[in-house]
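K.L.:
Here it is: the structure, laid out below.
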Amino acid sequence: MQTIATSDYHDIVQVADPQLSPDGDRVAFVRKVPDDDESYEATVYVVPFGGDEPKQFTVSEGVDSEPRWSPDGSHLAFVSTRGADDDRPQLWLLPTDGGEARQVTQVAGGVSGLEWSPDGSRIVFTQRATAEDREEERDLAVSPDYEPDEPDPRVIDRLIYRAHQRYVDGRRSHVYVLDVEAALEGDAAGGDGLERLTDGDDDSVAPAWGDDETVYYAAKAVEDEVHPDDSIRYELYAHDLESGDAEAFAETTGWVAGLEATEDGRVAYTWTPEERFTLRQTELRVHDRETGEETTPTEPLDRTIAAAVGFEWGPDEEVLYFATPDTGSVAVWSVPGDASAEPQPVYGDGVTVEGFSVGENAVAYVQSEWDHPGDVFVSTRGGNEATRLTQVNREYLTDRAVSQPEALWFESDGEEIQGWVLTPPDFDPDEQYPLVVEIHGGPHVQWTTSGTMWHEFQTLAASDYVVFWSNPRGSTGYGEDHAAAIERDWGDVTLTDVLAGVDCVCEREYVDADEQYVTGGSFGGFMTAWTVGQTDRFRAAVSQRGVYDLTSFYGSTDAFKLVEGDFGTLPWEEPEFLWERSPVAHVPDVTTPTLVLHSDQDYRTPANTAELFYLGLKKYGVDTRLVRYPREGHELSRSGEPAHVVDRLERIVRWFDGYSEYRDVPPALERDSNEGLSAGEDEDEDEDEDE
């Protein structure tokens with residue numbers, strides 16, 4: 001039987017965004033798989049409950065996402081980049097009883113955040129467009145060959161002027177409504193049926209329908225002399241489509257805003273306490289517009305809302321369903337919107353739920369587990385009788401050896417910490433193995449036994465390493481106190497917990513305590529760099545997309561509020577404090593060979609701090625190398641170009657192998673830069689072709 005390999009990434013199918021059909025017997029979802037070294041194929045599939053195989057519902061062209069059934073089930077709306085020369089997705093409608101999909105928008109800013117009106121006559125969405133686009137109505141219609149001009153020079157007036165992998169360049173998010181009948185009868189390039197609801201130099205986000213004439217959304221609330229990008233406050237609005245009036249009815253705070261509404265005017269929204277909000281848990285609040293009363297139904301639950309997974313009202317519009325990280329799982333809960341009862345677990349013990357959809361009699365999920373990277377499941381609304389509807393990686397997994405992680409709890413500084421150990425597929429307890437320690441990002445997230453790390457963990461184990469990962473203090477899923485324990489101290493508190501777990505694992509006879517390696521990305525990159533500045537116990541390290549200097553990070557990231565919240569200060573207030581808590585301050589103490597991986601277009605943890613860390617290592621004679629990935633952003637490890645995802649994993653393994661007594665290979669620095677990697681194989685093929 002084969003073991004998991006780095007190059008297997010090209011064969012692994014990912015699924016996302018499950019959506020139950022109105023009749024409750026089918027689930028639409030997005031199926032994504034690498035198409036070549038640089039791109040992915042993402043298409044909409046539909047799977048019935050009866051055990052039949054999933055069927056492809058959209059053509060294999062471009063990248064499809066956000067499938068949404070019309071209320072009567074006659075159409076499936078989705079966004080797609082098909083037919084476009086850029087990455088601006090447009091809105092498409094597909095008849096579910098057969099026929100071709102129809103493009104119904106052709107807009108300058110792209111489309112996201114779809115939701116049908118209750119009667120199915122309209123669709124609301126958001127679009128990011130510039131003030132000039134809106135003035136010239138290019139946000140309503142442009143010709144298919146429209147290409148926006150690149151700013152030259154780029155003039156910046158905003159605090160957050162770049163995010164993800166691109167510069168903002170004056171774009172703001174606003175809310176739009178499409179009349180479906182007018183759009184189908186008209187021309188997308190003419191903007192038929194499309195109306196802009198919001199405007200201005202702030203962002204309007206998270207649109208949701210109430211009744212057929214009311215759209216709710218959140219808009220950045222700006223106080224005097226406060227830039228919108230410096231605010232975490234949002235005003236919640238109800239927009240009456242008949243009169244055109246918009247009324248502010250509530251306010252919330254947080255990184256982002258999320259809304260879901262009922263037809264009778266109850267609005268559920270995410271809310272995080274404003275003071276030191278990065279250390280606090282996100283709750284769901286419900287505002288009743290008729291009475292003005294507000295409840296916080298999730299308050300009894302000491303868990304934070306997993307906003308990326310989503311939340312929604314059940315079909316009776318009385319019960320809310322939501323997801324949270326929970327002791328190494330991502331689980332779904334339910335709670336009455338009026339807070340008349342405490343939250344109850346629905347589904348998710350021991351699994352990672354990555355999306356769900358609630359119907360009259362069922363709940364559909366995308367979940368991953370230790371033995372597979374993700375599939376569509378369905379259960380009753382009470383979480384019973386779960387059925388697996390897809391096995392998208394069945395053929396791939398049939399002849400692959402997948403190791404099962406072992407959970408363990410250990411004590412650190414008087415706290416109980418959860419971790420996992422993964423052994424090689426051909427594990428022999430009488431043999432000894434080197435240990436790789438993985439540290440998660442965030443810092444306020446959690447790791448599980450599956451999710452986005454499934455392939456990486458399994459690849460390292462298949463490379464004959466024991467793999468250890470944990471959820472030290474600072475992680476979510478264990479209560480607010482656990483997450484807030486790293487306030488003003490990212491490094492030492494986290495490292496205390498990680499090393500306590502490493503010591504626990506090294507007590508096992510099959511772990512060679514003299515062969516320890518460490519890696520992590522984002523906050524995990526910060527911690528990898530912090531670790532090698534505090535201890536020489538690791539033979540080698542790989543630091544990925546990390547934060548290395550808190551002051552430079554503050555001045556270049558779109559997430560500067562993380563420093564303000566977690567450390568409670570500004571660089572001008574306590575410069576020495578932030579310097580001492582930055583990994584680069586401890587470069588003179590580093591002796592561990594350290595590979596630094598970063599992306600050229602990473603605007604969450606910009607490359608300037610990685611360059612500083614790398615330069616310091618070189619200055620002090622540490623074995624090091626900086627690898628930069630063009631065209632990539634902060635999500636390289638999860639959604640980067642397939643060849644880059646594979647290359648990153650190969651370089652991690654090669655770097656560790658080069659310092660291990662268990663491998664008969666020289667260090668990476670003594671080899672050609674691409675020797676032993678897929679990139680090197682490609683170079684050899686090119687040379688053969690030239691000959």
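Chain lettering (A, B, ...) mirrors the order of the structure tokens, residue numbering begins at 1 for each chain separately, and ligand numbering begins at 1 in order of display.
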Near His444 (chain A), counting only C-alpha atoms, which residues have an atom at most 10 Å away, once you skip same-chain residues fewer than 3 positions from it, shown as a list in words?

P.N.:
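My reading of the contact set: Thr278, Leu279, Arg280, Gln281, His440, Gly441, Asn471, Arg473, Gly474, Ser475, Thr476, Gly477, His482, Ala483, Ala484, Ile486 and Phe523 of chain A.
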
K.L.:
Tell me, which residues of region 16-159 of chain A carry DSSP helix (DSSP H, G or I), written as a compact mmCIF listing (two decimals) with all heavy atoms, in the first residue's frame?

P.N.:
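Output below, filename states.txt:
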```
# COMPACT_ATOMS: atom_id res chain seq x y z
N ALA A 131 -15.11 54.31 -6.29
CA ALA A 131 -16.05 55.42 -6.41
C ALA A 131 -16.23 55.80 -7.87
O ALA A 131 -17.34 56.14 -8.32
CB ALA A 131 -15.55 56.61 -5.60
N GLU A 132 -15.16 55.75 -8.67
CA GLU A 132 -15.27 56.06 -10.09
C GLU A 132 -16.12 55.03 -10.81
O GLU A 132 -16.94 55.37 -11.67
CB GLU A 132 -13.88 56.12 -10.72
CG GLU A 132 -13.90 56.52 -12.19
CD GLU A 132 -12.52 56.56 -12.80
OE1 GLU A 132 -11.53 56.38 -12.05
OE2 GLU A 132 -12.42 56.77 -14.02
N ASP A 133 -15.95 53.76 -10.46
CA ASP A 133 -16.80 52.71 -11.05
C ASP A 133 -18.27 52.99 -10.77
O ASP A 133 -19.13 52.85 -11.65
CB ASP A 133 -16.42 51.34 -10.48
CG ASP A 133 -15.14 50.79 -11.06
OD1 ASP A 133 -14.76 51.19 -12.18
OD2 ASP A 133 -14.50 49.95 -10.39
N ARG A 134 -18.55 53.37 -9.53
CA ARG A 134 -19.94 53.63 -9.17
C ARG A 134 -20.48 54.88 -9.87
O ARG A 134 -21.62 54.91 -10.33
CB ARG A 134 -20.09 53.74 -7.64
CG ARG A 134 -19.68 52.47 -6.90
CD ARG A 134 -20.13 52.47 -5.45
NE ARG A 134 -19.55 53.55 -4.68
CZ ARG A 134 -18.36 53.51 -4.08
NH1 ARG A 134 -17.60 52.43 -4.20
NH2 ARG A 134 -17.92 54.54 -3.36
N GLU A 135 -19.63 55.90 -9.96
CA GLU A 135 -20.06 57.13 -10.63
C GLU A 135 -20.35 56.88 -12.10
O GLU A 135 -21.32 57.41 -12.66
CB GLU A 135 -18.98 58.19 -10.46
CG GLU A 135 -19.35 59.54 -11.07
CD GLU A 135 -18.27 60.58 -10.85
OE1 GLU A 135 -17.36 60.34 -10.01
OE2 GLU A 135 -18.35 61.64 -11.49
```

K.L.:
So that I can check the surroundings of Glu150 (chain A), please list as a count of residues only every protein, DNA and RNA residue that reaches within 12 Å of it, counting only C-alpha atoms and ignoring chain neighbours fewer than 2 positions away.

P.N.:
11

K.L.:
Mind pulling up the distance from CA of Leu178 (chain A) to CA of Ser121 (chain A)?

P.N.:
8.6 Å

K.L.:
Asp240 (chain A): which residues within 8 Å, counting only C-alpha atoms, same-chain residues fewer than 6 positions away excluded, as a ChimeraX atom specification?

P.N.:
/A:213-215,246

K.L.:
Using DSSP secondary structure from the backbone, list all strand (DSSP E or B) positions within region 159-281 of chain A, as a PyMOL selection string.

P.N.:
chain A and resi 162-163+166-167+172-179+194-196+204-209+214-220+233-240+246-253+259-261+266-271

K.L.:
Could those residues be written to a file, using N, CA and C atoms, as a compact mmCIF listing (two decimals), in the first residue's frame?

P.N.:
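Done, and the output landed in result-v7.txt:
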```
# COMPACT_ATOMS: atom_id res chain seq x y z
N ARG A 162 -4.29 47.35 1.37
CA ARG A 162 -4.11 46.07 0.70
C ARG A 162 -4.53 44.97 1.66
N ALA A 163 -5.01 43.88 1.12
CA ALA A 163 -5.46 42.76 1.95
C ALA A 163 -5.49 41.51 1.08
N ARG A 166 -4.08 41.36 -2.80
CA ARG A 166 -4.22 42.45 -3.74
C ARG A 166 -4.33 43.78 -3.02
N TYR A 167 -4.00 44.83 -3.74
CA TYR A 167 -4.21 46.18 -3.23
C TYR A 167 -5.69 46.54 -3.39
N ARG A 172 -14.61 49.71 -2.45
CA ARG A 172 -15.44 49.56 -1.26
C ARG A 172 -16.54 48.54 -1.53
N SER A 173 -16.91 47.82 -0.49
CA SER A 173 -17.97 46.82 -0.61
C SER A 173 -19.33 47.49 -0.46
N HIS A 174 -20.24 47.22 -1.41
CA HIS A 174 -21.60 47.76 -1.33
C HIS A 174 -22.61 46.69 -1.72
N VAL A 175 -23.86 46.98 -1.42
CA VAL A 175 -24.94 46.00 -1.53
C VAL A 175 -25.76 46.27 -2.79
N TYR A 176 -26.11 45.19 -3.50
CA TYR A 176 -26.84 45.27 -4.75
C TYR A 176 -28.00 44.27 -4.73
N VAL A 177 -29.06 44.60 -5.46
CA VAL A 177 -30.20 43.70 -5.61
C VAL A 177 -30.47 43.49 -7.09
N LEU A 178 -30.64 42.24 -7.47
CA LEU A 178 -30.93 41.87 -8.86
C LEU A 178 -32.35 41.36 -8.97
N ASP A 179 -33.14 41.95 -9.88
CA ASP A 179 -34.46 41.44 -10.23
C ASP A 179 -34.26 40.28 -11.19
N LEU A 194 -30.55 45.28 -12.29
CA LEU A 194 -29.58 45.43 -11.20
C LEU A 194 -29.69 46.83 -10.58
N GLU A 195 -29.72 46.87 -9.24
CA GLU A 195 -29.84 48.12 -8.50
C GLU A 195 -28.83 48.15 -7.36
N ARG A 196 -28.17 49.30 -7.20
CA ARG A 196 -27.27 49.50 -6.08
C ARG A 196 -28.05 50.06 -4.90
N SER A 204 -20.23 48.36 3.14
CA SER A 204 -21.49 47.74 3.53
C SER A 204 -21.38 46.25 3.20
N VAL A 205 -21.67 45.41 4.18
CA VAL A 205 -21.37 43.98 4.06
C VAL A 205 -22.51 43.14 4.60
N ALA A 206 -22.40 41.83 4.38
CA ALA A 206 -23.25 40.81 4.99
C ALA A 206 -24.74 41.04 4.74
N PRO A 207 -25.18 41.23 3.49
CA PRO A 207 -26.61 41.43 3.24
C PRO A 207 -27.42 40.16 3.50
N ALA A 208 -28.63 40.36 4.00
CA ALA A 208 -29.54 39.23 4.29
C ALA A 208 -30.97 39.70 4.11
N TRP A 209 -31.81 38.81 3.62
CA TRP A 209 -33.22 39.13 3.44
C TRP A 209 -33.99 38.93 4.73
N THR A 214 -37.48 43.71 2.43
CA THR A 214 -36.52 44.23 3.40
C THR A 214 -35.18 43.52 3.27
N VAL A 215 -34.14 44.30 3.07
CA VAL A 215 -32.77 43.79 3.05
C VAL A 215 -32.04 44.37 4.25
N TYR A 216 -31.36 43.52 5.00
CA TYR A 216 -30.53 43.96 6.12
C TYR A 216 -29.07 43.89 5.71
N TYR A 217 -28.27 44.79 6.27
CA TYR A 217 -26.84 44.74 6.04
C TYR A 217 -26.13 45.51 7.14
N ALA A 218 -24.81 45.37 7.18
CA ALA A 218 -23.98 46.08 8.16
C ALA A 218 -23.08 47.05 7.42
N ALA A 219 -22.91 48.25 7.99
CA ALA A 219 -22.04 49.25 7.40
C ALA A 219 -21.09 49.76 8.47
N LYS A 220 -19.83 49.99 8.09
CA LYS A 220 -18.84 50.48 9.05
C LYS A 220 -19.33 51.79 9.69
N ARG A 233 -16.55 49.01 14.62
CA ARG A 233 -17.97 49.18 14.87
C ARG A 233 -18.76 49.14 13.56
N TYR A 234 -19.89 48.48 13.59
CA TYR A 234 -20.79 48.41 12.45
C TYR A 234 -22.19 48.85 12.86
N GLU A 235 -22.82 49.67 12.03
CA GLU A 235 -24.25 49.97 12.17
C GLU A 235 -25.02 48.95 11.36
N LEU A 236 -26.09 48.41 11.95
CA LEU A 236 -26.95 47.47 11.24
C LEU A 236 -28.14 48.23 10.68
N TYR A 237 -28.42 47.99 9.40
CA TYR A 237 -29.47 48.73 8.70
C TYR A 237 -30.55 47.78 8.18
N ALA A 238 -31.77 48.32 8.16
CA ALA A 238 -32.89 47.68 7.47
C ALA A 238 -33.25 48.58 6.29
N HIS A 239 -33.17 48.04 5.08
CA HIS A 239 -33.42 48.81 3.86
C HIS A 239 -34.77 48.38 3.28
N ASP A 240 -35.71 49.31 3.26
CA ASP A 240 -37.03 49.05 2.70
C ASP A 240 -36.96 49.27 1.19
N ALA A 246 -33.47 53.55 4.37
CA ALA A 246 -32.64 52.66 5.18
C ALA A 246 -32.61 53.19 6.61
N GLU A 247 -32.88 52.31 7.57
CA GLU A 247 -32.95 52.70 8.97
C GLU A 247 -31.92 51.91 9.78
N ALA A 248 -31.09 52.63 10.54
CA ALA A 248 -30.17 51.97 11.46
C ALA A 248 -30.93 51.55 12.71
N PHE A 249 -30.76 50.30 13.13
CA PHE A 249 -31.55 49.81 14.26
C PHE A 249 -30.70 49.18 15.36
N ALA A 250 -29.42 48.91 15.10
CA ALA A 250 -28.56 48.31 16.12
C ALA A 250 -27.11 48.53 15.73
N GLU A 251 -26.22 48.21 16.65
CA GLU A 251 -24.79 48.37 16.41
C GLU A 251 -24.07 47.12 16.91
N THR A 252 -22.97 46.77 16.23
CA THR A 252 -22.17 45.64 16.69
C THR A 252 -20.70 45.96 16.51
N THR A 253 -19.86 45.12 17.08
CA THR A 253 -18.41 45.28 16.97
C THR A 253 -17.78 43.94 16.66
N LEU A 259 -24.88 38.60 9.40
CA LEU A 259 -26.30 38.80 9.68
C LEU A 259 -27.13 37.66 9.11
N GLU A 260 -28.19 37.29 9.82
CA GLU A 260 -29.22 36.40 9.30
C GLU A 260 -30.54 36.86 9.90
N ALA A 261 -31.58 37.00 9.08
CA ALA A 261 -32.84 37.60 9.53
C ALA A 261 -34.02 36.68 9.26
N ARG A 266 -36.71 39.67 13.10
CA ARG A 266 -35.70 39.34 14.10
C ARG A 266 -34.37 39.11 13.39
N VAL A 267 -33.37 39.83 13.82
CA VAL A 267 -32.07 39.81 13.14
C VAL A 267 -31.01 39.24 14.08
N ALA A 268 -30.39 38.14 13.67
CA ALA A 268 -29.27 37.57 14.41
C ALA A 268 -27.98 38.11 13.82
N TYR A 269 -27.03 38.48 14.68
CA TYR A 269 -25.79 39.03 14.18
C TYR A 269 -24.65 38.68 15.14
N THR A 270 -23.44 38.68 14.58
CA THR A 270 -22.26 38.41 15.39
C THR A 270 -21.87 39.65 16.17
N TRP A 271 -21.40 39.44 17.40
CA TRP A 271 -21.01 40.55 18.27
C TRP A 271 -19.85 40.10 19.15
```

K.L.:
I'd like the interatomic distance between CA of Ala540 (chain A) and CA of Glu675 (chain A), to a tenth of an Å.

P.N.:
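These two atoms are separated by 18.9 Å.
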
K.L.:
Pick from A:Glu100, A:Asp192, A:Glu406, A:Asp549: nearest to Glu611 (chain A), with only C-alpha atoms counted?

P.N.:
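Of the candidates, the smallest distance to Glu611 (chain A) is held by A:Asp549.
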
K.L.:
Between A:Gly24, A:Pro300, A:Pro575, A:Gly565, single out the one closest to Ile232 (chain A), counting only C-alpha atoms.

P.N.:
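Among A:Gly24, A:Pro300, A:Pro575, A:Gly565, it is A:Gly565 that comes nearest to Ile232 (chain A).
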
K.L.:
Using only C-alpha atoms, which residues sit within 8 Å of region 645-647 of chain A once same-chain residues fewer than 2 positions away are excluded, as a ChimeraX atom specification?

P.N.:
/A:6-7,9,636-643,649-651,677-679

K.L.:
For CA of Phe49 (chain A) and CA of Ala386 (chain A), determine how far apart the two atoms are, in Å to one decimal place.

P.N.:
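Taking CA of Phe49 (chain A) as the start and CA of Ala386 (chain A) as the end point, the length is 11.3 Å.
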
K.L.:
Find the residues near Val378 (chain A): any atom within 10 Å, counting only C-alpha atoms, skip ones fewer than 2 places away on the same chain, and give them as a PyMOL selection string.

P.N.:
chain A and resi 18+20+26-27+49+356-358+362-366+376+380-381+383-389

K.L.:
Find the residue from A:Tyr614, A:Trp116, A:Phe311, A:Tyr161 that sits nearest to Glu283 (chain A); use only C-alpha atoms when measuring.

P.N.:
A:Phe311

K.L.:
At a cut-off of 12 Å, using only C-alpha atoms, what residues contact Gly382 (chain A)? Leave out same-chain residues fewer than 6 positions from it and give the result as a PyMOL selection string.

P.N.:
chain A and resi 314+319+321+332-335+344-348+358-364

K.L.:
Restricted to N, CA and C atoms, what would the selected residues look like written as a short mmCIF file (atom, residue, chain, number, x, y, z; two decimals), in the first residue's frame?

P.N.:
```cif
data_model
loop_
_atom_site.label_atom_id
_atom_site.label_comp_id
_atom_site.auth_asym_id
_atom_site.auth_seq_id
_atom_site.Cartn_x
_atom_site.Cartn_y
_atom_site.Cartn_z
N GLY A 314 -33.12 28.16 11.53
CA GLY A 314 -33.77 26.96 11.03
C GLY A 314 -35.02 27.33 10.25
N VAL A 319 -35.23 28.83 15.81
CA VAL A 319 -33.99 28.25 16.35
C VAL A 319 -32.82 28.64 15.46
N TYR A 321 -28.87 27.95 14.30
CA TYR A 321 -27.83 26.94 14.20
C TYR A 321 -26.50 27.66 13.95
N VAL A 332 -21.46 21.80 15.51
CA VAL A 332 -22.67 22.59 15.24
C VAL A 332 -23.58 22.51 16.45
N TRP A 333 -24.16 23.66 16.81
CA TRP A 333 -25.04 23.79 17.95
C TRP A 333 -26.37 24.40 17.50
N SER A 334 -27.39 24.29 18.35
CA SER A 334 -28.65 24.98 18.13
C SER A 334 -29.07 25.68 19.41
N VAL A 335 -29.80 26.79 19.25
CA VAL A 335 -30.28 27.53 20.41
C VAL A 335 -31.51 28.33 20.01
N GLN A 344 -27.54 23.73 22.59
CA GLN A 344 -27.42 22.28 22.64
C GLN A 344 -26.56 21.80 21.47
N PRO A 345 -25.68 20.82 21.73
CA PRO A 345 -24.88 20.28 20.62
C PRO A 345 -25.75 19.53 19.63
N VAL A 346 -25.49 19.73 18.37
CA VAL A 346 -26.22 19.03 17.32
C VAL A 346 -25.35 17.97 16.68
N TYR A 347 -24.11 18.36 16.32
CA TYR A 347 -23.28 17.45 15.54
C TYR A 347 -21.84 17.93 15.58
N GLY A 348 -20.90 16.98 15.53
CA GLY A 348 -19.53 17.39 15.32
C GLY A 348 -18.50 16.84 16.28
N VAL A 358 -29.22 23.94 6.86
CA VAL A 358 -30.33 23.38 7.63
C VAL A 358 -31.60 23.37 6.78
N GLY A 359 -32.28 22.22 6.74
CA GLY A 359 -33.54 22.09 6.03
C GLY A 359 -34.67 21.71 6.98
N GLU A 360 -35.84 21.40 6.42
CA GLU A 360 -37.01 21.04 7.23
C GLU A 360 -36.74 19.84 8.11
N ASN A 361 -36.10 18.82 7.54
CA ASN A 361 -35.92 17.57 8.27
C ASN A 361 -34.48 17.10 8.36
N ALA A 362 -33.55 17.89 7.85
CA ALA A 362 -32.18 17.41 7.78
C ALA A 362 -31.20 18.58 7.88
N VAL A 363 -29.97 18.22 8.21
CA VAL A 363 -28.86 19.16 8.18
C VAL A 363 -27.76 18.53 7.33
N ALA A 364 -27.28 19.27 6.34
CA ALA A 364 -26.17 18.80 5.51
C ALA A 364 -24.88 19.45 5.99
#
```
